[in-house]
Amino acid sequence: MTSTKIIRHYLRFQDFSADDYDYVLERTRILKRKFKNYETYHPLHDRTLAMIFEKNSTRTRLSFEAGIFQLGGHAVFMSTRDTQLGRGEPIEDSAQVISRMVDIIMIRTFGQDILRRFAGNSRVPVINGLTNEYHPCQVLADVFTFYEHRGSIRGKTVAWVGDANNMAYTWIEAAYILGFKLRVSTPPGYRLNHALINSVHLSSVEEIDDPRATCNGAHLVTTDVWTSMGFEKENDIRKAAFAEWCVDTKLMACAQPDALFMHCLPTHRGEEVTAEVIDGRQSVVWDEAENRLHVQKALMEFLTLGRLNH
């Protein structure tokens with residue numbers, strides 16, 4: 001009698017438990033240490049990662065491609081512009097075919113529904129590289145960066161200042177699962193859509209109009225561009241609406257004296273954050289960017305091999 005392996009996907013931050021995250025964060029620490037020490041470690045020897053891109057990327061492509069290589073595997077880049085995915089082949093059919101040829105799949109696309117449909121027909125783990133609704137790999141990197149600099153994020157206060165985008169919705173899930181408080185400040189007309197939030201997660205988030213009050217006593221202040229991909233036509237309107245939601249030195253002064261600043265990048269200096277903040281002593285954005293590489297290695301290892309004890 002053969003047993004059927006349970007396939008786990010990572011489509012939203014809520015797909016893992018707090019215990020899973022304890023493990024993945026510790027594995028990230030170990031894998032980053034190996035990387036810094038030039039230790040060869042190939043647990044995914046001869047494994048193949050398919051990377052499917054419908055949205056452009058710098059950090060996501062580089063971190064996943066370098067990551068699977070460092071783990072001993074190989075990456076195949078696929079764009080919907082030059083595959084059957086972009087010519088009307090049903091998502092379900094593409095998933096059936098692609099997942100028979102590779103060991104793990106990362107997708108960076110627009111709608112979360114596309115990701116769900118693909119994962120529902122995949123024989124291998126699927127990772128969300130970004131959708132309009134959620135960006136779990138980035139928030140996982142952010143949480144690890146906080147862990148590196150300040151220890152556990154449990155019980156801390158995180159201030160989100162700016163657009164209610166995929167990052168904000170992912171931070172809400174993280175707050176509930178990992179036990180920290182999230183404050184969100186957005187301009188009128190750009191507030192959170194509660195239909196995208198699990199009702200049980202609302203206990204961990206507080207919506208505040210004033211960005212200064214949002215940052216008051218916070219241990220981490222974070223933001224993102226005011227105009228996400230797909231909303232470029234709204235850029236001028238958004239610049240006017242978000243003018244008071246720029247993270248500057250006065251806003252950072254409202255937070256804890258040792259508060260960290262994070263931004264998932266790319267940034268528009270002088271819009272959502274000033275150069276003084278992003279290039280200042282409290283900013284950890286470059287560590288944060290590098291840590292995409294290491295958390296995704298731990299994630300691919302975990303989804304492919306399960307828990308390891310070395």
# chains A, B, ... in the order shown; residues from 1 in each chain; ligands from 1
call {"tool": "closest_atom_pairs", "arguments": {"of": "region 174-284 of chain A", "to": "region 125-142 of chain A", "cutoff": "12 Å", "atoms": "only C-alpha atoms", "output": "tab-separated table"}}
result
residue	atom	partner	partner_atom	distance
A:Ala174	CA	A:Val139	CA	7.8
A:Ala175	CA	A:Val139	CA	10.5
A:Ile177	CA	A:Leu140	CA	11.9
A:Leu178	CA	A:Leu140	CA	10.9
A:Leu192	CA	A:Glu133	CA	11.3
A:Asn193	CA	A:Glu133	CA	10.5
A:Ala195	CA	A:Glu133	CA	11.2
A:Leu196	CA	A:Glu133	CA	7.8
A:Ile197	CA	A:Glu133	CA	10.2
A:Leu220	CA	A:Asp142	CA	10.1
A:Val221	CA	A:Asp142	CA	11.2
A:Thr222	CA	A:Asp142	CA	9.5
A:Thr223	CA	A:Asp142	CA	11.6
A:Asp224	CA	A:Gln138	CA	11.5
A:Ser228	CA	A:Asn132	CA	8.7
A:Met229	CA	A:Asn132	CA	8.3
A:Gly230	CA	A:Asn132	CA	8.6
A:Phe231	CA	A:Asn132	CA	10.5
A:Leu260	CA	A:Asp142	CA	10.7
A:Phe261	CA	A:Asp142	CA	10.2
A:Met262	CA	A:Asp142	CA	7.5
A:His263	CA	A:Asp142	CA	8.8
A:Cys264	CA	A:Gln138	CA	6.9
A:Leu265	CA	A:Gln138	CA	10.0
A:Val284	CA	A:Asp142	CA	9.5
call {"tool": "select_by_dssp", "arguments": {"residues": "region 52-232 of chain A", "states": "strand (DSSP E or B)", "output": "PyMOL selection string"}}
result
chain A and resi 52-53+74-79+104-108+126-130+157-161+181-185+205-207+220-223
call {"tool": "write_last_selection", "arguments": {"atoms": "C-alpha atoms", "output": "compact mmCIF listing (two decimals), in the first residue's frame"}}
result
# COMPACT_ATOMS: atom_id res chain seq x y z
CA ILE A 52 6.24 31.82 -14.08
CA PHE A 53 6.08 35.59 -14.52
CA HIS A 74 18.00 24.62 -11.39
CA ALA A 75 15.51 27.32 -12.38
CA VAL A 76 13.47 27.62 -15.57
CA PHE A 77 12.15 31.09 -16.37
CA MET A 78 8.73 31.21 -18.05
CA SER A 79 6.90 34.36 -19.12
CA ILE A 104 8.37 23.25 -7.32
CA ILE A 105 6.71 26.27 -8.95
CA MET A 106 6.77 30.00 -8.21
CA ILE A 107 4.19 32.27 -9.84
CA ARG A 108 4.16 36.08 -9.95
CA VAL A 126 3.31 26.32 -5.60
CA ILE A 127 4.67 29.56 -4.11
CA ASN A 128 3.12 33.01 -4.44
CA GLY A 129 5.82 35.33 -5.82
CA LEU A 130 3.32 38.22 -5.70
CA THR A 157 3.96 47.09 17.21
CA VAL A 158 4.30 47.49 13.44
CA ALA A 159 3.12 50.68 11.70
CA TRP A 160 2.04 50.50 8.07
CA VAL A 161 1.84 53.93 6.42
CA LYS A 181 0.01 44.46 16.78
CA LEU A 182 -0.38 46.12 13.39
CA ARG A 183 -1.48 49.71 12.91
CA VAL A 184 -2.52 50.81 9.43
CA SER A 185 -2.86 54.40 8.23
CA VAL A 205 -5.06 45.33 13.25
CA GLU A 206 -5.98 48.89 14.18
CA GLU A 207 -6.90 51.41 11.50
CA LEU A 220 8.86 48.99 13.02
CA VAL A 221 7.65 51.51 10.45
CA THR A 222 7.10 50.24 6.93
CA THR A 223 5.61 51.45 3.68
call {"tool": "residues_around", "arguments": {"residues": "His42 (chain A)", "least_positions_apart": "2", "cutoff": "7 Å", "atoms": "only C-alpha atoms", "output": "number ranges by chain"}}
result
A: 40, 44-45, 70-72
call {"tool": "closest_residue", "arguments": {"among": "A:Ile278, A:Met51, A:Ile6, A:Ala259", "to": "Ser63 (chain A)", "atoms": "only C-alpha atoms"}}
result
A:Met51
call {"tool": "closest_residue", "arguments": {"among": "A:Ala298, A:Tyr190, A:Phe64, A:Arg59", "to": "Trp286 (chain A)", "atoms": "only C-alpha atoms"}}
result
A:Arg59
call {"tool": "closest_residue", "arguments": {"among": "A:Gly155, A:Gly270, A:Pro211, A:Gly73", "to": "Tyr176 (chain A)", "atoms": "only C-alpha atoms"}}
result
A:Gly155
call {"tool": "atom_distance", "arguments": {"atom1": "CA of Lys250 (chain A)", "atom2": "CA of Pro266 (chain A)"}}
result
22.3 Å
call {"tool": "closest_residue", "arguments": {"among": "A:Val124, A:Cys254, A:Leu31, A:Ala50", "to": "Leu305 (chain A)", "atoms": "only C-alpha atoms"}}
result
A:Val124
call {"tool": "select_by_dssp", "arguments": {"residues": "region 237-276 of chain A", "states": "helix (DSSP H, G or I)", "output": "MDAnalysis selection string"}}
result
chainID A and resid 237:241 243:245 249:253 275:276
call {"tool": "residues_around", "arguments": {"residues": "Gly120 (chain A)", "least_positions_apart": "3", "cutoff": "8 Å", "atoms": "only C-alpha atoms", "output": "list in words"}}
result
Glu92, Arg116 and Arg117 of chain A
call {"tool": "residues_around", "arguments": {"residues": "Tyr23 (chain A)", "least_positions_apart": "4", "cutoff": "9 Å", "atoms": "only C-alpha atoms", "output": "number ranges by chain"}}
result
A: 18-19, 27-28, 302, 307
call {"tool": "write_last_selection", "arguments": {"atoms": "C-alpha atoms", "output": "PDB file, in the first residue's frame"}}
result
ATOM      1  CA  ALA A  18       3.230  29.984  14.035  1.00  0.00           C
ATOM      2  CA  ASP A  19       5.144  26.742  14.617  1.00  0.00           C
ATOM      3  CA  ARG A  27      16.194  27.424   8.845  1.00  0.00           C
ATOM      4  CA  THR A  28      16.616  30.839   7.215  1.00  0.00           C
ATOM      5  CA  PHE A 302      10.614  23.140   3.619  1.00  0.00           C
ATOM      6  CA  ARG A 307      11.380  19.495   8.287  1.00  0.00           C
TER       7      ARG A 307
END
call {"tool": "residues_around", "arguments": {"residues": "Arg33 (chain A)", "least_positions_apart": "6", "cutoff": "12 Å", "atoms": "only C-alpha atoms", "output": "VMD selection string"}}
result
chain A and resid 26 to 27 39 to 41 148 291 294
call {"tool": "write_last_selection", "arguments": {"atoms": "N, CA and C atoms", "output": "PDB file, in the first residue's frame"}}
result
ATOM      1  N   GLU A  26      14.155  29.805  11.624  1.00  0.00           N
ATOM      2  CA  GLU A  26      15.406  29.229  12.102  1.00  0.00           C
ATOM      3  C   GLU A  26      16.203  28.617  10.948  1.00  0.00           C
ATOM      4  N   ARG A  27      15.507  27.952  10.023  1.00  0.00           N
ATOM      5  CA  ARG A  27      16.194  27.424   8.845  1.00  0.00           C
ATOM      6  C   ARG A  27      16.805  28.555   8.014  1.00  0.00           C
ATOM      7  N   GLU A  39      29.703  27.910   2.528  1.00  0.00           N
ATOM      8  CA  GLU A  39      29.524  26.465   2.699  1.00  0.00           C
ATOM      9  C   GLU A  39      28.622  25.939   1.586  1.00  0.00           C
ATOM     10  N   THR A  40      29.090  24.940   0.875  1.00  0.00           N
ATOM     11  CA  THR A  40      28.261  24.306  -0.145  1.00  0.00           C
ATOM     12  C   THR A  40      27.189  23.461   0.527  1.00  0.00           C
ATOM     13  N   TYR A  41      25.955  23.667   0.124  1.00  0.00           N
ATOM     14  CA  TYR A  41      24.829  22.928   0.707  1.00  0.00           C
ATOM     15  C   TYR A  41      23.804  22.719  -0.397  1.00  0.00           C
ATOM     16  N   GLU A 148      16.404  39.262  12.940  1.00  0.00           N
ATOM     17  CA  GLU A 148      17.860  39.413  12.940  1.00  0.00           C
ATOM     18  C   GLU A 148      18.314  40.614  13.764  1.00  0.00           C
ATOM     19  N   ASN A 291      17.444  39.385   2.293  1.00  0.00           N
ATOM     20  CA  ASN A 291      16.802  38.287   3.015  1.00  0.00           C
ATOM     21  C   ASN A 291      15.692  37.604   2.222  1.00  0.00           C
ATOM     22  N   HIS A 294      17.281  34.373   1.275  1.00  0.00           N
ATOM     23  CA  HIS A 294      17.465  33.348   2.301  1.00  0.00           C
ATOM     24  C   HIS A 294      16.145  32.760   2.789  1.00  0.00           C
TER      25      HIS A 294
END
call {"tool": "residues_around", "arguments": {"residues": "Glu271 (chain A)", "least_positions_apart": "2", "cutoff": "8 Å", "atoms": "only C-alpha atoms", "output": "number ranges by chain"}}
result
A: 225-226, 239, 243, 246, 268-269, 273-274
